[in-house]
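Pasting my_file.pdb here (PDB, C-alpha atoms and all ligand atoms):
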MODEL        1
ATOM      1  CA  MET A  86      -5.661   3.938 -20.884
ATOM      2  CA  ILE A  87      -7.583   6.522 -18.886
ATOM      3  CA  ARG A  88      -6.790   9.835 -17.206
ATOM      4  CA  VAL A  89      -9.550  10.759 -14.816
ATOM      5  CA  ILE A  90     -10.179  13.013 -11.806
ATOM      6  CA  PHE A  91     -12.533  12.069  -8.955
ATOM      7  CA  LEU A  92     -14.196  15.122  -7.478
ATOM      8  CA  GLY A  93     -16.568  15.186  -4.532
ATOM      9  CA  PRO A  94     -17.037  16.152  -0.901
ATOM     10  CA  PRO A  95     -15.153  14.369   1.885
ATOM     11  CA  GLY A  96     -16.616  10.898   2.325
ATOM     12  CA  ALA A  97     -18.251  10.824  -1.113
ATOM     13  CA  GLY A  98     -16.402   7.583  -1.867
ATOM     14  CA  LYS A  99     -13.621   8.998  -4.067
ATOM     15  CA  GLY A 100     -10.957   6.716  -2.589
ATOM     16  CA  THR A 101     -13.186   3.630  -2.611
ATOM     17  CA  GLN A 102     -14.251   4.172  -6.223
ATOM     18  CA  ALA A 103     -10.778   5.190  -7.427
ATOM     19  CA  ASP A 104      -9.444   1.860  -6.090
ATOM     20  CA  ILE A 105     -12.149  -0.094  -7.946
ATOM     21  CA  LEU A 106     -11.606   1.801 -11.207
ATOM     22  CA  ALA A 107      -7.826   1.381 -10.892
ATOM     23  CA  ARG A 108      -8.283  -2.407 -10.577
ATOM     24  CA  HIS A 109     -10.651  -2.392 -13.551
ATOM     25  CA  THR A 110      -8.497  -0.301 -15.889
ATOM     26  CA  GLY A 111      -4.900  -0.795 -14.725
ATOM     27  CA  ALA A 112      -4.477   2.975 -14.268
ATOM     28  CA  THR A 113      -2.627   4.125 -11.127
ATOM     29  CA  LYS A 114      -4.581   5.821  -8.328
ATOM     30  CA  VAL A 115      -2.928   9.009  -7.076
ATOM     31  CA  ALA A 116      -4.522   9.986  -3.738
ATOM     32  CA  THR A 117      -3.056  13.195  -2.359
ATOM     33  CA  GLY A 118      -4.611  12.533   1.083
ATOM     34  CA  ASP A 119      -2.816   9.146   1.262
ATOM     35  CA  ILE A 120       0.482  10.732   0.173
ATOM     36  CA  LEU A 121       0.129  13.367   2.910
ATOM     37  CA  ARG A 122      -0.904  10.858   5.622
ATOM     38  CA  GLU A 123       2.129   8.727   4.816
ATOM     39  CA  ALA A 124       4.365  11.796   5.055
ATOM     40  CA  VAL A 125       2.826  12.661   8.450
ATOM     41  CA  ALA A 126       3.343   9.093   9.705
ATOM     42  CA  ARG A 127       6.985   9.115   8.558
ATOM     43  CA  ARG A 128       7.606  12.582  10.076
ATOM     44  CA  THR A 129       9.088  13.919   6.817
ATOM     45  CA  GLU A 130       9.416  17.682   6.182
ATOM     46  CA  LEU A 131       6.228  17.531   4.070
ATOM     47  CA  GLY A 132       4.452  15.645   6.868
ATOM     48  CA  LYS A 133       5.425  18.226   9.476
ATOM     49  CA  ILE A 134       4.004  21.030   7.306
ATOM     50  CA  ALA A 135       0.825  19.136   6.339
ATOM     51  CA  GLU A 136      -0.159  17.758   9.756
ATOM     52  CA  GLY A 137      -1.647  20.954  11.241
ATOM     53  CA  TYR A 138      -3.692  21.773   8.130
ATOM     54  CA  MET A 139      -5.080  18.242   7.959
ATOM     55  CA  LYS A 140      -6.010  18.092  11.655
ATOM     56  CA  ARG A 141      -7.987  21.320  11.287
ATOM     57  CA  GLY A 142      -9.707  20.117   8.106
ATOM     58  CA  GLU A 143      -7.995  22.877   6.077
ATOM     59  CA  LEU A 144      -6.194  22.511   2.749
ATOM     60  CA  VAL A 145      -2.424  22.178   2.431
ATOM     61  CA  PRO A 146      -1.014  25.128   0.362
ATOM     62  CA  ASP A 147      -1.439  24.871  -3.416
ATOM     63  CA  ASP A 148       2.249  25.173  -4.367
ATOM     64  CA  ILE A 149       3.176  22.184  -2.194
ATOM     65  CA  MET A 150       0.361  20.049  -3.605
ATOM     66  CA  LEU A 151       1.129  20.973  -7.220
ATOM     67  CA  GLY A 152       4.784  20.063  -6.770
ATOM     68  CA  ILE A 153       3.856  16.626  -5.419
ATOM     69  CA  VAL A 154       1.375  15.926  -8.217
ATOM     70  CA  GLU A 155       3.696  17.106 -10.984
ATOM     71  CA  GLU A 156       6.475  14.794  -9.778
ATOM     72  CA  THR A 157       4.046  11.872  -9.463
ATOM     73  CA  LEU A 158       2.370  12.248 -12.871
ATOM     74  CA  LYS A 159       5.730  12.344 -14.667
ATOM     75  CA  GLU A 160       6.193   8.726 -13.621
ATOM     76  CA  LEU A 161       2.782   7.586 -14.891
ATOM     77  CA  PRO A 162       2.696   7.479 -18.694
ATOM     78  CA  ASP A 163       0.046   4.720 -18.596
ATOM     79  CA  GLY A 164      -2.786   6.697 -17.106
ATOM     80  CA  PHE A 165      -3.940   7.852 -13.680
ATOM     81  CA  ILE A 166      -6.940   8.381 -11.456
ATOM     82  CA  LEU A 167      -6.578  11.510  -9.338
ATOM     83  CA  ASP A 168      -8.342  11.192  -5.958
ATOM     84  CA  GLY A 169      -8.477  14.413  -3.926
ATOM     85  CA  PHE A 170      -6.649  16.628  -6.430
ATOM     86  CA  PRO A 171      -7.275  19.283  -7.647
ATOM     87  CA  ARG A 172      -9.139  20.909  -4.758
ATOM     88  CA  THR A 173      -8.854  24.609  -5.653
ATOM     89  CA  LEU A 174      -8.991  26.664  -8.835
ATOM     90  CA  PRO A 175      -5.210  27.391  -8.744
ATOM     91  CA  GLN A 176      -4.575  23.626  -8.403
ATOM     92  CA  ALA A 177      -6.834  22.924 -11.411
ATOM     93  CA  GLN A 178      -5.109  25.603 -13.495
ATOM     94  CA  GLY A 179      -1.700  24.301 -12.397
ATOM     95  CA  LEU A 180      -2.735  20.776 -13.369
ATOM     96  CA  ASP A 181      -3.731  22.019 -16.840
ATOM     97  CA  GLN A 182      -0.187  23.363 -17.274
ATOM     98  CA  VAL A 183       1.423  20.148 -16.009
ATOM     99  CA  LEU A 184      -0.666  18.039 -18.419
ATOM    100  CA  GLU A 185       0.180  20.361 -21.298
ATOM    101  CA  LYS A 186       3.899  20.004 -20.486
ATOM    102  CA  LEU A 187       3.498  16.226 -20.441
ATOM    103  CA  GLY A 188       1.550  16.347 -23.716
ATOM    104  CA  VAL A 189      -1.479  14.500 -22.360
ATOM    105  CA  HIS A 190      -5.133  15.368 -21.741
ATOM    106  CA  LEU A 191      -7.858  14.441 -19.264
ATOM    107  CA  ASP A 192     -10.595  12.040 -20.386
ATOM    108  CA  ALA A 193     -13.166  13.012 -17.750
ATOM    109  CA  VAL A 194     -13.851  14.454 -14.310
ATOM    110  CA  VAL A 195     -16.206  12.274 -12.276
ATOM    111  CA  SER A 196     -18.186  14.283  -9.723
ATOM    112  CA  LEU A 197     -19.661  12.021  -7.026
ATOM    113  CA  VAL A 198     -22.895  13.451  -5.631
ATOM    114  CA  VAL A 199     -23.676  12.553  -1.997
ATOM    115  CA  PRO A 200     -25.833  14.557   0.469
ATOM    116  CA  ASP A 201     -24.254  15.974   3.662
ATOM    117  CA  GLU A 202     -26.202  13.755   6.091
ATOM    118  CA  GLU A 203     -24.927  10.609   4.331
ATOM    119  CA  ILE A 204     -21.358  11.993   4.441
ATOM    120  CA  VAL A 205     -21.508  12.593   8.199
ATOM    121  CA  ARG A 206     -22.978   9.086   8.684
ATOM    122  CA  ARG A 207     -20.181   7.464   6.629
ATOM    123  CA  LEU A 208     -17.257   9.388   8.105
ATOM    124  CA  SER A 209     -18.450   8.960  11.700
ATOM    125  CA  ALA A 210     -18.406   5.182  11.110
ATOM    126  CA  ARG A 211     -15.003   5.009   9.364
ATOM    127  CA  ARG A 212     -12.203   3.307  11.306
ATOM    128  CA  VAL A 213      -8.581   2.868  10.237
ATOM    129  CA  CYS A 214      -5.759   0.651  11.415
ATOM    130  CA  PRO A 215      -2.942   2.854  12.766
ATOM    131  CA  LYS A 216      -0.410   0.089  11.985
ATOM    132  CA  CYS A 217      -1.179  -1.246   8.467
ATOM    133  CA  GLN A 218      -3.560   1.583   7.317
ATOM    134  CA  ALA A 219      -6.394  -0.845   6.392
ATOM    135  CA  THR A 220      -9.744   1.004   6.438
ATOM    136  CA  TYR A 221     -13.158  -0.181   7.643
ATOM    137  CA  ASN A 222     -16.632   1.193   8.050
ATOM    138  CA  LEU A 223     -18.663   0.059  11.043
ATOM    139  CA  LEU A 224     -21.880   0.338   8.995
ATOM    140  CA  THR A 225     -20.913  -1.019   5.588
ATOM    141  CA  GLN A 226     -17.580  -2.802   5.907
ATOM    142  CA  PRO A 227     -17.038  -3.812   9.559
ATOM    143  CA  PRO A 228     -14.032  -5.802  10.811
ATOM    144  CA  LYS A 229     -14.726  -9.429  11.837
ATOM    145  CA  GLU A 230     -13.914  -8.691  15.490
ATOM    146  CA  ASP A 231     -15.223  -5.547  17.198
ATOM    147  CA  GLU A 232     -12.948  -2.577  16.227
ATOM    148  CA  ILE A 233      -9.888  -4.857  15.672
ATOM    149  CA  CYS A 234      -7.953  -4.937  12.370
ATOM    150  CA  ASP A 235      -8.622  -8.179  10.417
ATOM    151  CA  GLN A 236      -5.153  -8.002   8.882
ATOM    152  CA  CYS A 237      -2.837  -7.314  11.842
ATOM    153  CA  GLY A 238      -4.949  -7.493  15.046
ATOM    154  CA  THR A 239      -4.332  -3.844  16.026
ATOM    155  CA  PRO A 240      -7.191  -1.874  17.699
ATOM    156  CA  LEU A 241      -8.800   0.424  15.121
ATOM    157  CA  VAL A 242      -8.982   4.218  15.528
ATOM    158  CA  ARG A 243     -10.863   7.130  13.947
ATOM    159  CA  ARG A 244      -8.935   9.121  11.357
ATOM    160  CA  PRO A 245      -7.931  12.346  13.217
ATOM    161  CA  ASP A 246      -9.961  14.460  10.766
ATOM    162  CA  ASP A 247     -13.106  12.322  11.179
ATOM    163  CA  GLU A 248     -14.063  13.978  14.495
ATOM    164  CA  PRO A 249     -17.519  15.616  14.080
ATOM    165  CA  GLN A 250     -16.344  19.264  14.245
ATOM    166  CA  THR A 251     -13.547  18.572  11.723
ATOM    167  CA  ILE A 252     -15.961  16.811   9.345
ATOM    168  CA  ARG A 253     -18.105  19.972   9.427
ATOM    169  CA  ARG A 254     -15.041  22.145   8.688
ATOM    170  CA  ARG A 255     -13.978  19.876   5.806
ATOM    171  CA  LEU A 256     -17.448  20.214   4.309
ATOM    172  CA  GLU A 257     -17.275  24.035   4.585
ATOM    173  CA  VAL A 258     -13.841  24.050   2.951
ATOM    174  CA  TYR A 259     -15.159  21.777   0.183
ATOM    175  CA  ARG A 260     -18.122  24.083  -0.556
ATOM    176  CA  ALA A 261     -15.962  27.242  -0.563
ATOM    177  CA  GLN A 262     -12.831  26.041  -2.353
ATOM    178  CA  THR A 263     -13.465  22.805  -4.254
ATOM    179  CA  GLU A 264     -17.099  22.891  -5.397
ATOM    180  CA  PRO A 265     -16.371  25.741  -7.893
ATOM    181  CA  LEU A 266     -14.309  23.191  -9.849
ATOM    182  CA  ILE A 267     -17.561  21.518 -10.932
ATOM    183  CA  GLY A 268     -18.317  24.601 -13.056
ATOM    184  CA  TYR A 269     -14.701  24.816 -14.230
ATOM    185  CA  TYR A 270     -14.709  21.276 -15.628
ATOM    186  CA  ARG A 271     -18.293  21.505 -16.907
ATOM    187  CA  GLY A 272     -17.118  24.489 -18.941
ATOM    188  CA  LYS A 273     -14.384  22.324 -20.452
ATOM    189  CA  GLY A 274     -16.934  19.619 -21.357
ATOM    190  CA  LEU A 275     -15.220  17.069 -19.081
ATOM    191  CA  LEU A 276     -17.691  16.758 -16.195
ATOM    192  CA  VAL A 277     -19.743  13.620 -15.582
ATOM    193  CA  GLU A 278     -21.997  13.629 -12.505
ATOM    194  CA  VAL A 279     -22.653  10.298 -10.812
ATOM    195  CA  ASP A 280     -25.024   9.524  -7.933
ATOM    196  CA  GLY A 281     -22.695   8.283  -5.151
ATOM    197  CA  VAL A 282     -25.427   6.874  -2.901
ATOM    198  CA  GLY A 283     -26.063   3.135  -2.935
ATOM    199  CA  PRO A 284     -24.031  -0.059  -2.689
ATOM    200  CA  THR A 285     -20.360   0.400  -3.632
ATOM    201  CA  ASP A 286     -20.573  -2.028  -6.591
ATOM    202  CA  GLU A 287     -23.617  -0.241  -7.953
ATOM    203  CA  VAL A 288     -21.856   3.157  -7.755
ATOM    204  CA  ALA A 289     -18.827   1.596  -9.514
ATOM    205  CA  ARG A 290     -21.133   0.335 -12.313
ATOM    206  CA  ARG A 291     -22.625   3.827 -12.710
ATOM    207  CA  ILE A 292     -19.124   5.306 -13.005
ATOM    208  CA  ARG A 293     -18.040   2.792 -15.660
ATOM    209  CA  ALA A 294     -21.242   3.471 -17.598
ATOM    210  CA  ALA A 295     -20.703   7.250 -17.357
ATOM    211  CA  LEU A 296     -17.135   6.812 -18.644
ATOM    212  CA  GLY A 297     -18.287   4.538 -21.456
ATOM    213  CA  LEU A 298     -16.288   1.581 -20.072
ATOM    214  CA  ARG A 299     -17.614  -1.941 -20.351
ATOM    215  CA  SER A 300     -18.286  -3.834 -17.072
ATOM    216  CA  ARG A 301     -16.455  -7.140 -16.736
TER
HETATM  217  P1  LIG A 401      -8.415  13.128   1.654
HETATM  218  O1  LIG A 401      -7.793  11.932   2.219
HETATM  219  O2  LIG A 401      -8.439  13.307   0.180
HETATM  220  O3  LIG A 401      -9.843  13.234   2.309
HETATM  221  P2  LIG A 401     -11.285  13.657   1.741
HETATM  222  O4  LIG A 401     -11.339  14.271   0.401
HETATM  223  O5  LIG A 401     -11.857  14.443   2.843
HETATM  224  O6  LIG A 401     -11.877  12.310   1.436
HETATM  225  P3  LIG A 401     -12.086  11.035   2.334
HETATM  226  O7  LIG A 401     -10.898  10.162   2.257
HETATM  227  O8  LIG A 401     -12.594  11.373   3.702
HETATM  228  O9  LIG A 401     -13.325  10.460   1.563
HETATM  229  P4  LIG A 401     -13.484   9.806   0.123
HETATM  230  O10 LIG A 401     -14.350  10.655  -0.734
HETATM  231  O11 LIG A 401     -12.162   9.347  -0.436
HETATM  232  O12 LIG A 401     -14.360   8.579   0.556
HETATM  233  P5  LIG A 401     -13.901   7.113   0.964
HETATM  234  O13 LIG A 401     -13.852   6.257  -0.242
HETATM  235  O14 LIG A 401     -12.704   7.178   1.863
HETATM  236  O15 LIG A 401      -7.726  14.453   2.254
HETATM  237  C1  LIG A 401      -7.493  14.596   3.638
HETATM  238  C2  LIG A 401      -6.844  15.965   3.916
HETATM  239  O16 LIG A 401      -5.579  16.050   3.227
HETATM  240  C3  LIG A 401      -7.627  17.191   3.426
HETATM  241  O17 LIG A 401      -8.616  17.600   4.354
HETATM  242  C4  LIG A 401      -6.480  18.217   3.279
HETATM  243  O18 LIG A 401      -6.068  18.727   4.530
HETATM  244  C5  LIG A 401      -5.348  17.365   2.724
HETATM  245  N1  LIG A 401      -5.327  17.328   1.241
HETATM  246  C6  LIG A 401      -5.517  16.220   0.451
HETATM  247  N2  LIG A 401      -5.454  16.566  -0.844
HETATM  248  C7  LIG A 401      -5.231  17.906  -0.881
HETATM  249  C8  LIG A 401      -5.099  18.857  -1.938
HETATM  250  N3  LIG A 401      -5.204  18.496  -3.226
HETATM  251  N4  LIG A 401      -4.881  20.152  -1.599
HETATM  252  C9  LIG A 401      -4.775  20.540  -0.317
HETATM  253  N5  LIG A 401      -4.904  19.701   0.730
HETATM  254  C10 LIG A 401      -5.135  18.391   0.445
HETATM  255  O19 LIG A 401     -15.188   6.690   1.802
HETATM  256  C11 LIG A 401     -15.502   7.303   3.047
HETATM  257  C12 LIG A 401     -16.215   6.276   3.942
HETATM  258  O20 LIG A 401     -17.474   5.927   3.355
HETATM  259  C13 LIG A 401     -15.439   4.973   4.112
HETATM  260  O21 LIG A 401     -15.623   4.500   5.422
HETATM  261  C14 LIG A 401     -16.096   4.028   3.085
HETATM  262  O22 LIG A 401     -16.018   2.673   3.481
HETATM  263  C15 LIG A 401     -17.527   4.524   3.076
HETATM  264  N6  LIG A 401     -18.171   4.374   1.768
HETATM  265  C16 LIG A 401     -17.611   4.527   0.536
HETATM  266  N7  LIG A 401     -18.521   4.308  -0.444
HETATM  267  C17 LIG A 401     -19.700   4.025   0.186
HETATM  268  C18 LIG A 401     -21.018   3.733  -0.276
HETATM  269  N8  LIG A 401     -21.321   3.691  -1.593
HETATM  270  N9  LIG A 401     -21.986   3.510   0.667
HETATM  271  C19 LIG A 401     -21.695   3.570   2.005
HETATM  272  N10 LIG A 401     -20.459   3.840   2.501
HETATM  273  C20 LIG A 401     -19.472   4.072   1.597
ENDMDL
END

Represent the structure contained in this file as structure tokens.
Ligand code: AP5
Amino acid sequence: MIRVIFLGPPGAGKGTQADILARHTGATKVATGDILREAVARRTELGKIAEGYMKRGELVPDDIMLGIVEETLKELPDGFILDGFPRTLPQAQGLDQVLEKLGVHLDAVVSLVVPDEEIVRRLSARRVCPKCQATYNLLTQPPKEDEICDQCGTPLVRRPDDEPQTIRRRLEVYRAQTEPLIGYYRGKGLLVEVDGVGPTDEVARRIRAALGLRSR
């Protein structure tokens, strides 16, 4: 069983790699961005609050995010992979308290290292299906037919926060509010840094090696 956090700038591949590690280990991926996007799509109270922050590339307030994560982790005694949480120091400190209450500890924090120019290249090429939420990348993982979803035939769109000016804002927010967590977790002896550039499978192998997991 593993309990791991994926840390990294927008577009570093946290979601992609968390999915692969979840398949490999059986742990559940908890992606706060996915939880919020679903809430926005379903027009729930949470979605109505989160939508404006997300469109601007800003962070949703800490107390809301901590509440969501606490409720989710209670249901996951068999391990988890946190993708996109924590993103601020108060979220990290709040998570420490939640884990203490649950009587569990983190195994590692994987920091994916990817330069800004590669991030902008990846996010500018990402497309999502507005109907079934399948995701594609025009450079690395294109749909079979031009900008049409392979699974349901719907025309693909850009994620609203993947517009160039919002990508830049997300990067600024990451540097100011999330990057300090690298030092926080290094201080706790939990940080493992992994080069996130290269083919997806290769990055996944590096992560398993850094976590001391055997490749299958
Ligand atoms: P969230 O959904 O978490 O977005 P993000 O962190 O900006 O991350 P992305 O999903 O853009 O990137 P990723 O690192 O997961 O990379 P991915 O695998 O998708 O959050 C969205 C918003 O929600 C936030 O801005 C905020 O408003 C709010 N929010 C969420 N959590 C919050 C929190 N805790 N507190 C407050 N607010 C919160 O890959 C990106 C692209 O690159 C894909 O197209 C993929 O195919 C491609 N790719 C992946 N790996 C590779 C590779 N090795 N080589 C080439 N391309 C690759």

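When the PyMOL selection byres (((chain A and resi 254) around 12) and not hetatm) is evaluated on the file shown here, the picked residues come out as Pro94, Pro95, Tyr138, Met139, Lys140, Arg141, Gly142, Glu143, Leu144, Val205, Asp246, Asp247, Glu248, Pro249, Gln250, Thr251, Ile252, Arg253, Arg255, Leu256, Glu257, Val258, Tyr259, Arg260, Ala261 and Gln262 of chain A.
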
Hits from the PyMOL selection byres (((chain A and resi 198) around 9) and not hetatm), listed as a PyMOL selection string: chain A and resi 93-94+97+196-197+199-200+278-282

Coordinates of box centre and edge lengths for region 231-237 of chain A, 4 Å on every side, axis-aligned, as lines of an AutoDock Vina configuration file:
center_x = -9.0
center_y = -5.4
center_z = 13.0
size_x = 20.4
size_y = 13.6
size_z = 16.3

On this file, the PyMOL selection byres (((not hetatm)) within 7 of (chain A and resi 401)) gives some set of residues; write that set as number ranges by chain. A: 93-102, 116-119, 121, 138-139, 142-147, 150, 168-172, 207-208, 210-212, 220-222, 225-226, 255, 281-285, 288

Considering all atoms listed in the file, return as number ranges by chain whatever protein or nucleic-acid residues lie within 10 Å of Ala107 (chain A), sequence-local ones (same chain, fewer than 4 positions apart) excluded. A: 87, 102-103, 111-115, 164-166

So that I can see what lies close to Val194 (chain A), please list as a list in words the residues with an atom at most 8 Å from it, counting all atoms listed in the file and leaving out residues fewer than 5 positions away in the same chain.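 Listing them by chain and then by number gives Val89, Ile90, Phe91, Leu92, Tyr270, Leu275, Leu276 and Val277 of chain A.
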
Choose the residue, out of A:Arg122, A:Cys234, A:Lys273, A:Asp181, that has the smallest atom-to-atom separation from Ile134 (chain A); count only C-alpha atoms. A:Arg122

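CA of Gln218 (chain A) is positioned 25.3 Å from CA of Glu287 (chain A).
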
Distance in Å - CA of Arg290 (chain A) versus CA of Leu167 (chain A): 18.6 Å

Selection near Val183 (chain A), 10 Å with all atoms listed in the file, sequence-local residues under 3 positions removed, as an NGL selection string: :A and (151-152 or 154-156 or 158-159 or 177-180 or 186-190)

Which distance in Å separates CA of Asp286 (chain A) and CA of Thr263 (chain A), to one decimal? 25.9 Å

Restore all heavy atoms in region 217-226 of chain A and list the result as a PDB file, in the coordinates of the input.
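Contents of out-v3.pdb, as written:
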ATOM      1  N   CYS A 217      -1.327  -0.864   9.889  1.00  0.00           N
ATOM      2  CA  CYS A 217      -1.179  -1.246   8.467  1.00  0.00           C
ATOM      3  C   CYS A 217      -2.033  -0.380   7.537  1.00  0.00           C
ATOM      4  O   CYS A 217      -2.029  -0.594   6.331  1.00  0.00           O
ATOM      5  CB  CYS A 217      -1.502  -2.727   8.274  1.00  0.00           C
ATOM      6  SG  CYS A 217      -3.250  -3.113   8.385  1.00  0.00           S
ATOM      7  N   GLN A 218      -2.757   0.598   8.097  1.00  0.00           N
ATOM      8  CA  GLN A 218      -3.560   1.583   7.317  1.00  0.00           C
ATOM      9  C   GLN A 218      -4.792   0.983   6.651  1.00  0.00           C
ATOM     10  O   GLN A 218      -5.431   1.661   5.847  1.00  0.00           O
ATOM     11  CB  GLN A 218      -2.724   2.307   6.228  1.00  0.00           C
ATOM     12  CG  GLN A 218      -1.352   2.799   6.637  1.00  0.00           C
ATOM     13  CD  GLN A 218      -1.374   3.634   7.908  1.00  0.00           C
ATOM     14  OE1 GLN A 218      -2.302   4.391   8.134  1.00  0.00           O
ATOM     15  NE2 GLN A 218      -0.381   3.469   8.763  1.00  0.00           N
ATOM     16  N   ALA A 219      -5.152  -0.290   6.961  1.00  0.00           N
ATOM     17  CA  ALA A 219      -6.394  -0.845   6.392  1.00  0.00           C
ATOM     18  C   ALA A 219      -7.566   0.017   6.871  1.00  0.00           C
ATOM     19  O   ALA A 219      -7.541   0.536   7.989  1.00  0.00           O
ATOM     20  CB  ALA A 219      -6.574  -2.290   6.858  1.00  0.00           C
ATOM     21  N   THR A 220      -8.609   0.172   6.014  1.00  0.00           N
ATOM     22  CA  THR A 220      -9.744   1.004   6.438  1.00  0.00           C
ATOM     23  C   THR A 220     -11.021   0.164   6.501  1.00  0.00           C
ATOM     24  O   THR A 220     -11.191  -0.793   5.736  1.00  0.00           O
ATOM     25  CB  THR A 220      -9.985   2.211   5.501  1.00  0.00           C
ATOM     26  OG1 THR A 220     -10.418   1.717   4.240  1.00  0.00           O
ATOM     27  CG2 THR A 220      -8.745   3.045   5.329  1.00  0.00           C
ATOM     28  N   TYR A 221     -11.897   0.537   7.411  1.00  0.00           N
ATOM     29  CA  TYR A 221     -13.158  -0.181   7.643  1.00  0.00           C
ATOM     30  C   TYR A 221     -14.263   0.840   7.789  1.00  0.00           C
ATOM     31  O   TYR A 221     -14.012   2.027   7.988  1.00  0.00           O
ATOM     32  CB  TYR A 221     -13.063  -1.002   8.945  1.00  0.00           C
ATOM     33  CG  TYR A 221     -11.962  -2.033   8.909  1.00  0.00           C
ATOM     34  CD1 TYR A 221     -10.656  -1.689   9.274  1.00  0.00           C
ATOM     35  CD2 TYR A 221     -12.216  -3.321   8.476  1.00  0.00           C
ATOM     36  CE1 TYR A 221      -9.635  -2.621   9.211  1.00  0.00           C
ATOM     37  CE2 TYR A 221     -11.192  -4.266   8.415  1.00  0.00           C
ATOM     38  CZ  TYR A 221      -9.908  -3.912   8.782  1.00  0.00           C
ATOM     39  OH  TYR A 221      -8.898  -4.836   8.716  1.00  0.00           O
ATOM     40  N   ASN A 222     -15.494   0.345   7.726  1.00  0.00           N
ATOM     41  CA  ASN A 222     -16.632   1.193   8.050  1.00  0.00           C
ATOM     42  C   ASN A 222     -17.574   0.366   8.901  1.00  0.00           C
ATOM     43  O   ASN A 222     -17.993  -0.722   8.480  1.00  0.00           O
ATOM     44  CB  ASN A 222     -17.316   1.693   6.770  1.00  0.00           C
ATOM     45  CG  ASN A 222     -18.309   2.788   7.081  1.00  0.00           C
ATOM     46  OD1 ASN A 222     -19.344   2.540   7.682  1.00  0.00           O
ATOM     47  ND2 ASN A 222     -17.980   4.009   6.718  1.00  0.00           N
ATOM     48  N   LEU A 223     -17.879   0.864  10.098  1.00  0.00           N
ATOM     49  CA  LEU A 223     -18.663   0.059  11.043  1.00  0.00           C
ATOM     50  C   LEU A 223     -20.057  -0.257  10.488  1.00  0.00           C
ATOM     51  O   LEU A 223     -20.674  -1.238  10.880  1.00  0.00           O
ATOM     52  CB  LEU A 223     -18.780   0.775  12.391  1.00  0.00           C
ATOM     53  CG  LEU A 223     -17.441   1.080  13.093  1.00  0.00           C
ATOM     54  CD1 LEU A 223     -17.676   1.763  14.431  1.00  0.00           C
ATOM     55  CD2 LEU A 223     -16.598  -0.179  13.269  1.00  0.00           C
ATOM     56  N   LEU A 224     -20.540   0.572   9.545  1.00  0.00           N
ATOM     57  CA  LEU A 224     -21.880   0.338   8.995  1.00  0.00           C
ATOM     58  C   LEU A 224     -21.842  -0.565   7.769  1.00  0.00           C
ATOM     59  O   LEU A 224     -22.666  -1.468   7.620  1.00  0.00           O
ATOM     60  CB  LEU A 224     -22.521   1.672   8.579  1.00  0.00           C
ATOM     61  CG  LEU A 224     -22.696   2.703   9.690  1.00  0.00           C
ATOM     62  CD1 LEU A 224     -23.173   4.028   9.118  1.00  0.00           C
ATOM     63  CD2 LEU A 224     -23.686   2.170  10.724  1.00  0.00           C
ATOM     64  N   THR A 225     -20.862  -0.325   6.882  1.00  0.00           N
ATOM     65  CA  THR A 225     -20.913  -1.019   5.588  1.00  0.00           C
ATOM     66  C   THR A 225     -19.807  -2.038   5.381  1.00  0.00           C
ATOM     67  O   THR A 225     -19.915  -2.901   4.519  1.00  0.00           O
ATOM     68  CB  THR A 225     -20.817   0.015   4.439  1.00  0.00           C
ATOM     69  OG1 THR A 225     -19.675   0.843   4.663  1.00  0.00           O
ATOM     70  CG2 THR A 225     -22.052   0.875   4.371  1.00  0.00           C
ATOM     71  N   GLN A 226     -18.733  -1.936   6.159  1.00  0.00           N
ATOM     72  CA  GLN A 226     -17.580  -2.802   5.907  1.00  0.00           C
ATOM     73  C   GLN A 226     -16.877  -3.058   7.243  1.00  0.00           C
ATOM     74  O   GLN A 226     -15.725  -2.672   7.428  1.00  0.00           O
ATOM     75  CB  GLN A 226     -16.645  -2.039   4.965  1.00  0.00           C
ATOM     76  CG  GLN A 226     -15.713  -2.861   4.142  1.00  0.00           C
ATOM     77  CD  GLN A 226     -14.623  -1.928   3.586  1.00  0.00           C
ATOM     78  OE1 GLN A 226     -14.840  -0.734   3.372  1.00  0.00           O
ATOM     79  NE2 GLN A 226     -13.448  -2.467   3.363  1.00  0.00           N
TER      80      GLN A 226
END
